[in-house]
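Coordinates from entry_2.txt are shown below (compact mmCIF, C-alpha atoms (C1' of nucleotides)).
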# COMPACT_ATOMS: atom_id res chain seq x y z
CA MET A 1 20.76 -61.04 31.50
CA LEU A 2 23.99 -59.26 32.00
CA ARG A 3 25.91 -62.04 30.40
CA LEU A 4 28.13 -61.27 27.46
CA SER A 5 27.65 -63.52 24.46
CA LYS A 6 30.42 -65.84 23.40
CA ARG A 7 30.79 -63.75 20.28
CA VAL A 8 31.69 -60.73 22.36
CA GLU A 9 33.98 -62.74 24.62
CA TYR A 10 35.84 -64.18 21.66
CA GLY A 11 35.93 -60.83 19.95
CA LEU A 12 37.54 -59.20 22.95
CA MET A 13 40.11 -61.96 23.21
CA ALA A 14 40.91 -61.57 19.53
CA LEU A 15 41.25 -57.82 19.75
CA GLN A 16 43.46 -58.21 22.77
CA TYR A 17 45.60 -60.63 20.81
CA LEU A 18 45.88 -58.26 17.86
CA ALA A 19 46.75 -55.38 20.16
CA LYS A 20 49.46 -57.40 21.86
CA SER A 21 50.96 -58.71 18.65
CA GLY A 22 50.84 -55.26 17.12
CA GLY A 23 50.65 -56.61 13.58
CA VAL A 24 48.78 -59.11 11.46
CA ALA A 25 47.50 -62.39 12.87
CA THR A 26 45.37 -65.13 11.32
CA ALA A 27 42.11 -66.43 12.70
CA ARG A 28 43.71 -69.85 13.07
CA GLU A 29 46.51 -68.43 15.14
CA ILE A 30 44.13 -66.59 17.47
CA SER A 31 41.84 -69.59 17.68
CA ASP A 32 44.72 -71.85 18.71
CA ALA A 33 46.07 -69.40 21.26
CA GLY A 34 42.72 -68.91 22.94
CA GLN A 35 41.19 -72.34 22.38
CA ILE A 36 38.32 -70.72 20.53
CA PRO A 37 36.26 -72.68 17.96
CA TYR A 38 37.82 -71.67 14.66
CA GLU A 39 34.69 -71.29 12.51
CA LEU A 40 32.95 -69.23 15.13
CA LEU A 41 35.93 -66.97 15.55
CA ALA A 42 36.10 -66.52 11.80
CA LYS A 43 32.54 -65.18 11.86
CA VAL A 44 33.39 -62.85 14.69
CA MET A 45 36.38 -61.47 12.81
CA GLN A 46 34.20 -60.81 9.80
CA SER A 47 31.77 -58.85 11.94
CA LEU A 48 34.58 -56.83 13.45
CA LYS A 49 35.76 -56.05 9.97
CA HIS A 50 32.34 -54.92 8.81
CA GLU A 51 32.12 -52.61 11.79
CA GLY A 52 35.43 -51.10 10.71
CA ILE A 53 37.36 -52.07 13.81
CA ILE A 54 39.87 -54.29 12.08
CA ASP A 55 41.21 -54.69 8.58
CA SER A 56 41.62 -57.99 6.74
CA TYR A 57 44.06 -59.33 4.20
CA GLN A 58 43.09 -62.27 2.05
CA GLY A 59 45.33 -64.89 0.58
CA VAL A 60 48.01 -67.12 1.92
CA ARG A 61 49.87 -64.46 3.88
CA GLY A 62 46.66 -62.85 5.01
CA GLY A 63 45.11 -62.21 8.39
CA TYR A 64 43.68 -59.41 10.50
CA ALA A 65 45.03 -56.27 12.10
CA LEU A 66 43.63 -53.41 14.17
CA LEU A 67 42.57 -50.34 12.26
CA PHE A 68 43.02 -48.06 15.27
CA SER A 69 45.11 -47.84 18.39
CA PRO A 70 43.83 -49.95 21.30
CA GLU A 71 43.07 -46.78 23.26
CA SER A 72 40.61 -45.60 20.65
CA ILE A 73 38.55 -48.77 20.40
CA ASN A 74 35.95 -48.79 23.15
CA LEU A 75 34.01 -51.83 24.20
CA ALA A 76 30.61 -50.38 23.36
CA ARG A 77 31.63 -50.41 19.73
CA VAL A 78 32.76 -54.00 19.95
CA VAL A 79 29.48 -55.05 21.51
CA ARG A 80 27.57 -53.16 18.87
CA ALA A 81 29.47 -55.03 16.17
CA LEU A 82 28.94 -58.46 17.67
CA ASP A 83 25.50 -58.49 19.20
CA GLU A 84 22.06 -58.28 17.76
CA HIS A 85 20.20 -56.20 20.25
CA THR A 86 22.12 -53.58 22.11
CA THR A 87 19.13 -52.14 23.85
CA ILE A 88 17.94 -52.94 27.33
CA THR A 89 14.35 -53.56 26.19
CA GLU A 90 12.58 -53.66 22.88
CA CYS A 91 10.83 -50.42 23.72
CA ILE A 92 14.10 -48.63 23.24
CA SER A 93 15.56 -48.46 19.81
CA PRO A 94 18.68 -46.44 19.15
CA SER A 95 17.07 -44.52 16.33
CA GLY A 96 14.19 -43.46 18.52
CA ASP A 97 11.84 -45.82 16.73
CA HIS A 98 9.49 -46.37 19.60
CA ASP A 99 6.95 -48.18 17.50
CA ALA A 100 8.92 -51.34 18.05
CA CYS A 101 7.43 -51.62 21.52
CA GLN A 102 4.37 -53.78 21.52
CA MET A 103 3.27 -52.70 24.96
CA LEU A 104 3.47 -49.06 24.05
CA HIS A 105 0.27 -48.12 25.74
CA THR A 106 0.75 -50.19 28.88
CA CYS A 107 4.50 -49.91 29.33
CA THR A 108 5.11 -47.65 32.26
CA ILE A 109 8.85 -47.82 32.54
CA LYS A 110 10.05 -46.61 29.19
CA ALA A 111 11.53 -43.28 30.23
CA PRO A 112 13.59 -44.66 33.12
CA MET A 113 14.73 -47.54 30.95
CA ASN A 114 16.11 -45.07 28.47
CA LYS A 115 18.09 -43.49 31.25
CA LEU A 116 19.42 -46.83 32.39
CA GLN A 117 20.32 -47.75 28.85
CA GLN A 118 22.36 -44.59 28.59
CA ARG A 119 24.22 -45.26 31.81
CA MET A 120 25.02 -48.82 30.82
CA GLU A 121 26.40 -47.71 27.49
CA GLU A 122 28.56 -45.19 29.27
CA SER A 123 29.93 -47.94 31.47
CA ILE A 124 30.83 -50.16 28.57
CA GLY A 125 31.98 -47.32 26.41
CA SER A 126 34.32 -46.04 29.08
CA MET A 127 36.53 -49.08 28.65
CA THR A 128 38.90 -49.63 25.75
CA ILE A 129 40.94 -52.45 24.30
CA ALA A 130 44.00 -50.84 25.88
CA GLU A 131 42.60 -51.81 29.27
CA LEU A 132 42.71 -55.46 28.26
CA LEU A 133 46.49 -55.43 27.96
CA MET B 134 23.20 -59.29 25.34
CA LEU B 135 22.28 -56.15 27.15
CA ARG B 136 18.65 -57.04 27.04
CA LEU B 137 16.72 -57.24 30.27
CA SER B 138 14.74 -60.41 30.72
CA LYS B 139 10.96 -60.27 30.82
CA ARG B 140 11.15 -61.27 34.45
CA VAL B 141 13.09 -58.13 35.25
CA GLU B 142 10.83 -55.97 33.11
CA TYR B 143 7.73 -57.30 34.78
CA GLY B 144 9.34 -57.07 38.19
CA LEU B 145 10.13 -53.41 37.67
CA MET B 146 6.61 -52.68 36.49
CA ALA B 147 5.22 -54.46 39.53
CA LEU B 148 7.46 -52.61 41.96
CA GLN B 149 6.55 -49.35 40.32
CA TYR B 150 2.90 -50.24 40.75
CA LEU B 151 3.37 -51.09 44.42
CA ALA B 152 5.31 -47.87 44.98
CA LYS B 153 2.57 -45.82 43.36
CA SER B 154 -0.27 -47.53 45.18
CA GLY B 155 1.61 -47.26 48.44
CA GLY B 156 -0.16 -50.25 49.94
CA VAL B 157 -1.09 -53.83 49.19
CA ALA B 158 -1.90 -55.00 45.68
CA THR B 159 -2.63 -58.46 44.28
CA ALA B 160 -0.78 -60.12 41.45
CA ARG B 161 -4.01 -60.19 39.47
CA GLU B 162 -4.45 -56.48 39.85
CA ILE B 163 -0.91 -55.74 38.70
CA SER B 164 -1.17 -58.23 35.87
CA ASP B 165 -4.36 -56.59 34.61
CA ALA B 166 -2.97 -53.09 34.86
CA GLY B 167 0.19 -53.89 32.97
CA GLN B 168 -1.10 -56.60 30.65
CA ILE B 169 1.39 -59.01 32.09
CA PRO B 170 0.81 -62.81 31.94
CA TYR B 171 -0.57 -63.59 35.35
CA GLU B 172 1.23 -66.86 36.08
CA LEU B 173 4.56 -65.43 35.08
CA LEU B 174 4.06 -62.37 37.21
CA ALA B 175 3.12 -64.58 40.13
CA LYS B 176 6.51 -66.28 39.86
CA VAL B 177 8.26 -62.95 39.68
CA MET B 178 6.50 -61.76 42.83
CA GLN B 179 7.59 -64.89 44.66
CA SER B 180 11.19 -64.24 43.68
CA LEU B 181 10.96 -60.65 44.86
CA LYS B 182 9.62 -61.91 48.13
CA HIS B 183 12.43 -64.40 48.59
CA GLU B 184 14.95 -61.64 47.98
CA GLY B 185 13.27 -59.68 50.74
CA ILE B 186 12.20 -56.77 48.59
CA ILE B 187 8.49 -57.20 49.12
CA ASP B 188 6.25 -58.84 51.68
CA SER B 189 3.31 -61.08 50.90
CA TYR B 190 -0.02 -61.75 52.54
CA GLN B 191 -1.87 -64.94 51.80
CA GLY B 192 -5.58 -65.52 51.77
CA VAL B 193 -8.52 -63.81 50.27
CA ARG B 194 -7.52 -60.28 51.26
CA GLY B 195 -3.89 -60.94 50.50
CA GLY B 196 -1.40 -59.41 48.12
CA TYR B 197 2.03 -57.83 48.05
CA ALA B 198 3.59 -54.68 49.42
CA LEU B 199 7.02 -53.08 49.40
CA LEU B 200 9.19 -53.79 52.41
CA PHE B 201 11.22 -50.61 51.96
CA SER B 202 10.81 -47.14 50.61
CA PRO B 203 11.19 -46.85 46.83
CA GLU B 204 14.37 -44.80 47.31
CA SER B 205 16.10 -47.62 49.12
CA ILE B 206 15.43 -50.34 46.58
CA ASN B 207 18.05 -50.18 43.86
CA LEU B 208 17.73 -51.93 40.54
CA ALA B 209 20.82 -54.09 40.99
CA ARG B 210 19.02 -55.84 43.80
CA VAL B 211 15.97 -56.38 41.65
CA VAL B 212 18.04 -57.87 38.87
CA ARG B 213 19.83 -60.08 41.33
CA ALA B 214 16.49 -61.38 42.56
CA LEU B 215 15.07 -62.06 39.13
CA ASP B 216 17.91 -63.27 36.95
CA GLU B 217 19.95 -66.39 36.99
CA HIS B 218 23.35 -65.12 36.07
CA THR B 219 24.21 -61.67 37.22
CA THR B 220 27.77 -61.90 36.01
CA ILE B 221 29.13 -60.71 32.71
CA THR B 222 30.90 -64.03 32.02
CA GLU B 223 31.03 -67.39 33.71
CA CYS B 224 34.62 -66.71 34.70
CA ILE B 225 33.35 -64.22 37.20
CA SER B 226 31.39 -65.44 40.15
CA PRO B 227 30.34 -63.07 42.88
CA SER B 228 31.83 -65.21 45.60
CA GLY B 229 35.19 -65.25 43.93
CA ASP B 230 34.74 -68.86 42.94
CA HIS B 231 36.89 -68.73 39.85
CA ASP B 232 36.85 -72.48 39.35
CA ALA B 233 33.59 -72.05 37.51
CA CYS B 234 35.50 -70.82 34.47
CA GLN B 235 36.24 -73.67 32.14
CA MET B 236 38.79 -71.72 30.16
CA LEU B 237 40.68 -70.77 33.27
CA HIS B 238 44.08 -71.38 31.76
CA THR B 239 43.42 -69.81 28.38
CA CYS B 240 41.11 -66.98 29.36
CA THR B 241 43.06 -63.78 29.01
CA ILE B 242 40.41 -61.23 29.82
CA LYS B 243 39.29 -62.17 33.28
CA ALA B 244 40.73 -59.22 35.18
CA PRO B 245 39.29 -56.54 32.88
CA MET B 246 35.96 -58.34 32.82
CA ASN B 247 35.83 -58.09 36.57
CA LYS B 248 36.34 -54.38 36.27
CA LEU B 249 33.60 -54.07 33.68
CA GLN B 250 31.28 -56.14 35.81
CA GLN B 251 31.83 -53.74 38.67
CA ARG B 252 31.10 -50.70 36.56
CA MET B 253 27.93 -52.22 35.16
CA GLU B 254 26.68 -53.06 38.62
CA GLU B 255 27.35 -49.50 39.69
CA SER B 256 25.29 -48.25 36.78
CA ILE B 257 22.37 -50.44 37.60
CA GLY B 258 22.73 -50.00 41.31
CA SER B 259 22.71 -46.24 41.01
CA MET B 260 19.06 -46.30 40.04
CA THR B 261 16.18 -46.92 42.43
CA ILE B 262 12.50 -47.69 42.22
CA ALA B 263 11.86 -44.06 43.13
CA GLU B 264 13.20 -43.08 39.73
CA LEU B 265 10.45 -45.11 38.09
CA LEU B 266 7.74 -42.90 39.49
C1' DT C 267 49.12 -74.48 -9.81
C1' DG C 268 48.52 -75.60 -5.11
C1' DA C 269 48.36 -74.22 -0.34
C1' DA C 270 46.62 -71.13 3.00
C1' DA C 271 43.98 -67.73 4.05
C1' DT C 272 39.42 -64.79 4.17
C1' DC C 273 34.34 -64.64 2.82
C1' DA C 274 29.69 -66.18 3.07
C1' DG C 275 25.65 -68.78 3.58
C1' DA C 276 23.08 -72.67 5.25
C1' DC C 277 22.48 -75.82 8.63
C1' DT C 278 22.18 -78.34 13.32
C1' DA C 279 22.19 -78.76 18.13
C1' DT C 280 21.85 -76.93 22.52
C1' DT C 281 20.50 -73.99 25.88
C1' DT C 282 17.75 -70.35 27.68
C1' DC C 283 13.58 -68.05 28.26
C1' DA C 284 8.60 -67.14 28.22
C1' DG C 285 4.60 -68.88 29.19
C1' DT C 286 1.17 -72.45 30.84
C1' DC C 287 -0.88 -75.89 33.82
C1' DC C 288 -1.98 -78.14 37.97
C1' DT C 289 -2.27 -78.68 42.82
C1' DA C 290 -1.65 -77.31 47.63
C1' DT C 291 -2.13 -73.99 51.27
C1' DT C 292 -3.69 -69.95 53.59
C1' DT C 293 -7.17 -66.64 54.98
C1' DC C 294 -11.27 -63.98 54.98
C1' DC C 295 -16.27 -63.67 54.74
C1' DT C 296 -20.86 -65.27 54.95
C1' DA D 297 -18.39 -74.91 58.35
C1' DG D 298 -17.49 -74.02 53.78
C1' DG D 299 -16.53 -71.54 49.68
C1' DA D 300 -14.02 -67.96 47.33
C1' DA D 301 -9.84 -65.58 46.50
C1' DA D 302 -5.44 -65.17 47.17
C1' DT D 303 -0.25 -66.82 47.50
C1' DA D 304 3.18 -70.97 46.99
C1' DG D 305 5.51 -74.04 44.23
C1' DG D 306 6.64 -77.65 41.03
C1' DA D 307 6.50 -79.62 36.39
C1' DC D 308 5.95 -79.07 31.80
C1' DT D 309 5.82 -77.20 26.83
C1' DG D 310 7.00 -74.32 23.01
C1' DA D 311 9.58 -70.85 20.98
C1' DA D 312 13.48 -68.18 20.29
C1' DA D 313 18.29 -67.11 20.75
C1' DT D 314 22.82 -68.76 20.77
C1' DA D 315 26.81 -71.74 19.90
C1' DG D 316 28.89 -74.37 16.91
C1' DT D 317 29.50 -77.00 12.37
C1' DC D 318 29.74 -77.80 7.44
C1' DT D 319 30.40 -76.74 2.68
C1' DG D 320 31.97 -74.13 -0.94
C1' DA D 321 33.78 -69.83 -3.18
C1' DT D 322 37.35 -66.41 -3.69
C1' DT D 323 41.81 -64.33 -3.08
C1' DT D 324 46.80 -64.28 -2.87
C1' DC D 325 51.39 -65.73 -2.47
C1' DA D 326 55.24 -68.84 -3.45

Whole structure, C-alpha cells version:
Amino acid sequence: MLRLSKRVEYGLMALQYLAKSGGVATAREISDAGQIPYELLAKVMQSLKHEGIIDSYQGVRGGYALLFSPESINLARVVRALDEHTTITECISPSGDHDACQMLHTCTIKAPMNKLQQRMEESIGSMTIAELL
Amino acid sequence: MLRLSKRVEYGLMALQYLAKSGGVATAREISDAGQIPYELLAKVMQSLKHEGIIDSYQGVRGGYALLFSPESINLARVVRALDEHTTITECISPSGDHDACQMLHTCTIKAPMNKLQQRMEESIGSMTIAELL
DNA sequence: TGAAATCAGACTATTTCAGTCCTATTTCCT
DNA sequence: AGGAAATAGGACTGAAATAGTCTGATTTCA
C-alpha cells in the first residue's frame, strides 16, 4: 500500500536531475541518465508541467526546467501531480465530499482515517526536492 | 498510491470492533456489522492472528479477541500484518537487503527515500487502535 | 525545410487486488 | 456419537490499476 508509483519515482528522479543541472534538460537526457522509459517519463514531465512545478520549452532547443527553487517544492505537491488518488481511503476526499464513500452508513473509521491522512501528508510535505540533492 | 488496501481497512474495522466489544467476536458477526465480505474478512483475521495481534478460538463457540490493549496496538503493525509491501519503493527493504533494487546503479534517490519511509512509518505508528474508539 | 523537441491521445500488457469457492479441522452441544 | 458452527488454508477468477508502447501533431531552431 505504501508503495510509491513508478510515476512518482521517475518524477522525483527527474526533479532531482533538474535541480542538480540548474538549467534546462530534455526528457531524453533525463531518461538516458536514469534509465527511465522515455515515453513514460515524457508523460510524467507533462503532468509536472500542468501542476506548475516545472516549465517547458518546445522546439529543437527545448526541454524542462524548475519553476521554483528546490527548497520550495515539497514532495506532497509532486505526489499530487503524479498520482490519481491522494487519499488514504475513498471515504476521504480533499474537498470534503464525503458522498464518495459507499459505506457511509457502516464505515466506522472515517474520523480517525482523516487524522491519519493529515499526518501522512505532513510527513510527505515536510520533505523537499532540496533534500534529494 | 497513498491508498490503504481493503485488507487494511477491514482489519482496522475488525480491530475496532474487537476493542469495543472487549471480548470474543466471530468473523461472521464482524462481517455483518460492517458489511464486509465474509471470506475476505476471514483471511484478514488469519493474518492478524499470524502477526500476533489477535488470538483465535476454534470450534462452535470460537472467535477472535485482541491479544493486547487497544493502546498498545499501533497501526504500523496492522499494516505490516496485512500488506505485502510495506516499503515506499522496492529499493528499500526493511532488512537492509538492497540487492532487491534492480536500478541499484542508476537509482539516485535511495537515501532520501529511506528517510521518507521512516517518517511515514512514524506517522502511521503514532496512531493506535485506541484512537479508533 | 528538416531535425529535435514537447504535446496528446489511444492502446496493450502486466501486475495487483478484491472477492469467491471449496475442503479440512476443531470444538461445543444435544 | 454426531451435527452444527466456527477457524484454517489453498486455489481460483474477475476486475481494476499501473506500466509501458505506439502513433501522430505541433513547435522551434539552425

Restrict the calculation to only C-alpha atoms (C1' of nucleotides), then for each residue of region 10-111 of chain A with any atom at most 10 Å from an atom of region 273-287 of chain C give the closest atom pair and their distance in Å to one decimal, rows by chain and rising residue number, as CSV.
residue,atom,partner,partner_atom,distance
A:Ala42,CA,C:DC273,C1',9.3
A:Lys43,CA,C:DC273,C1',9.2
A:Gln46,CA,C:DC273,C1',8.0
A:Gln58,CA,C:DC273,C1',9.1

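Excluding Glu71 (chain A) and any residue on its chain fewer than 2 positions from it, the residues at most 7 Å away by only C-alpha atoms (C1' of nucleotides) are Ser69, Ile73, Thr128, Ile129 and Ala130 of chain A.
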
Report the distance between CA of Ile88 (chain A) and CA of Ala152 (chain B) in Å, rounded to one decimal place.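 The value is 22.3 Å.
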
At most 8 Å to chain D: residues in chain B, all atoms listed in the file, as a ChimeraX atom specification: /B:159,179,189-196

Expected answer as a ChimeraX atom specification: chain C residues within 7 Å of chain A, all atoms listed in the file: /C:270-272

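In this model, the gap between CA of Asp55 (chain A) and CA of Leu67 (chain A) comes to 5.9 Å.
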
Taking all atoms listed in the file into account and nothing else, which residues of chain B lie no more than 8 Å away from chain A? Please answer as a PDB file with C-alpha atoms, keeping the file's coordinate frame.
ATOM      1  CA  MET B 134      23.200 -59.290  25.340  1.00  0.00           C
ATOM      2  CA  LEU B 135      22.280 -56.150  27.150  1.00  0.00           C
ATOM      3  CA  ARG B 136      18.650 -57.040  27.040  1.00  0.00           C
ATOM      4  CA  LEU B 137      16.720 -57.240  30.270  1.00  0.00           C
ATOM      5  CA  SER B 138      14.740 -60.410  30.720  1.00  0.00           C
ATOM      6  CA  LEU B 145      10.130 -53.410  37.670  1.00  0.00           C
ATOM      7  CA  MET B 146       6.610 -52.680  36.490  1.00  0.00           C
ATOM      8  CA  ALA B 166      -2.970 -53.090  34.860  1.00  0.00           C
ATOM      9  CA  GLY B 167       0.190 -53.890  32.970  1.00  0.00           C
ATOM     10  CA  GLN B 168      -1.100 -56.600  30.650  1.00  0.00           C
ATOM     11  CA  ASP B 216      17.910 -63.270  36.950  1.00  0.00           C
ATOM     12  CA  GLU B 217      19.950 -66.390  36.990  1.00  0.00           C
ATOM     13  CA  HIS B 218      23.350 -65.120  36.070  1.00  0.00           C
ATOM     14  CA  THR B 219      24.210 -61.670  37.220  1.00  0.00           C
ATOM     15  CA  THR B 220      27.770 -61.900  36.010  1.00  0.00           C
ATOM     16  CA  ILE B 221      29.130 -60.710  32.710  1.00  0.00           C
ATOM     17  CA  THR B 222      30.900 -64.030  32.020  1.00  0.00           C
ATOM     18  CA  THR B 239      43.420 -69.810  28.380  1.00  0.00           C
ATOM     19  CA  CYS B 240      41.110 -66.980  29.360  1.00  0.00           C
ATOM     20  CA  THR B 241      43.060 -63.780  29.010  1.00  0.00           C
ATOM     21  CA  ILE B 242      40.410 -61.230  29.820  1.00  0.00           C
ATOM     22  CA  PRO B 245      39.290 -56.540  32.880  1.00  0.00           C
ATOM     23  CA  LEU B 249      33.600 -54.070  33.680  1.00  0.00           C
ATOM     24  CA  ARG B 252      31.100 -50.700  36.560  1.00  0.00           C
ATOM     25  CA  MET B 253      27.930 -52.220  35.160  1.00  0.00           C
ATOM     26  CA  SER B 256      25.290 -48.250  36.780  1.00  0.00           C
ATOM     27  CA  ILE B 257      22.370 -50.440  37.600  1.00  0.00           C
ATOM     28  CA  MET B 260      19.060 -46.300  40.040  1.00  0.00           C
ATOM     29  CA  GLU B 264      13.200 -43.080  39.730  1.00  0.00           C
ATOM     30  CA  LEU B 265      10.450 -45.110  38.090  1.00  0.00           C
TER      31      LEU B 265
END

Excluding Leu181 (chain B) and residues on its chain fewer than 2 positions from it, collect all residues at most 8 Å away from it, counting only C-alpha atoms (C1' of nucleotides), and give them as a PyMOL selection string. chain B and resi 144+177-179+183-187+211+214-215

Students should find that CA of Tyr171 (chain B) and CA of Arg210 (chain B) are spaced 22.7 Å

Subset file as a short mmCIF file (atom, residue, chain, number, x, y, z; two decimals), in the first residue's frame: region 34-46 of chain A, N, CA, C and O atoms:
data_model
loop_
_atom_site.label_atom_id
_atom_site.label_comp_id
_atom_site.auth_asym_id
_atom_site.auth_seq_id
_atom_site.Cartn_x
_atom_site.Cartn_y
_atom_site.Cartn_z
N GLY A 34 18.87 8.23 -16.18
CA GLY A 34 18.26 7.44 -15.12
C GLY A 34 17.76 6.08 -15.57
O GLY A 34 17.20 5.34 -14.78
N GLN A 35 17.97 5.78 -16.85
CA GLN A 35 17.46 4.52 -17.41
C GLN A 35 15.96 4.41 -17.18
O GLN A 35 15.46 3.39 -16.72
N ILE A 36 15.27 5.47 -17.50
CA ILE A 36 13.82 5.52 -17.35
C ILE A 36 13.18 5.43 -18.73
O ILE A 36 13.66 6.07 -19.66
N PRO A 37 12.13 4.61 -18.90
CA PRO A 37 11.44 4.52 -20.19
C PRO A 37 11.05 5.91 -20.68
O PRO A 37 10.32 6.63 -20.00
N TYR A 38 11.51 6.27 -21.87
CA TYR A 38 11.37 7.62 -22.37
C TYR A 38 9.92 8.10 -22.44
O TYR A 38 9.57 9.17 -21.93
N GLU A 39 9.05 7.31 -23.08
CA GLU A 39 7.66 7.74 -23.26
C GLU A 39 6.97 7.99 -21.93
O GLU A 39 6.19 8.93 -21.79
N LEU A 40 7.24 7.09 -21.00
CA LEU A 40 6.62 7.24 -19.68
C LEU A 40 7.10 8.50 -18.99
O LEU A 40 6.31 9.27 -18.44
N LEU A 41 8.39 8.73 -19.08
CA LEU A 41 8.94 9.94 -18.47
C LEU A 41 8.34 11.19 -19.10
O LEU A 41 8.02 12.16 -18.41
N ALA A 42 8.15 11.13 -20.41
CA ALA A 42 7.57 12.28 -21.11
C ALA A 42 6.20 12.63 -20.53
O ALA A 42 5.88 13.80 -20.33
N LYS A 43 5.41 11.58 -20.24
CA LYS A 43 4.09 11.81 -19.64
C LYS A 43 4.23 12.44 -18.26
O LYS A 43 3.48 13.34 -17.88
N VAL A 44 5.17 11.94 -17.53
CA VAL A 44 5.39 12.45 -16.17
C VAL A 44 5.76 13.93 -16.22
O VAL A 44 5.24 14.74 -15.45
N MET A 45 6.63 14.28 -17.15
CA MET A 45 7.06 15.68 -17.27
C MET A 45 5.86 16.57 -17.60
O MET A 45 5.74 17.68 -17.09
N GLN A 46 4.99 16.06 -18.47
CA GLN A 46 3.80 16.84 -18.81
C GLN A 46 2.94 17.08 -17.58
O GLN A 46 2.42 18.19 -17.38
#
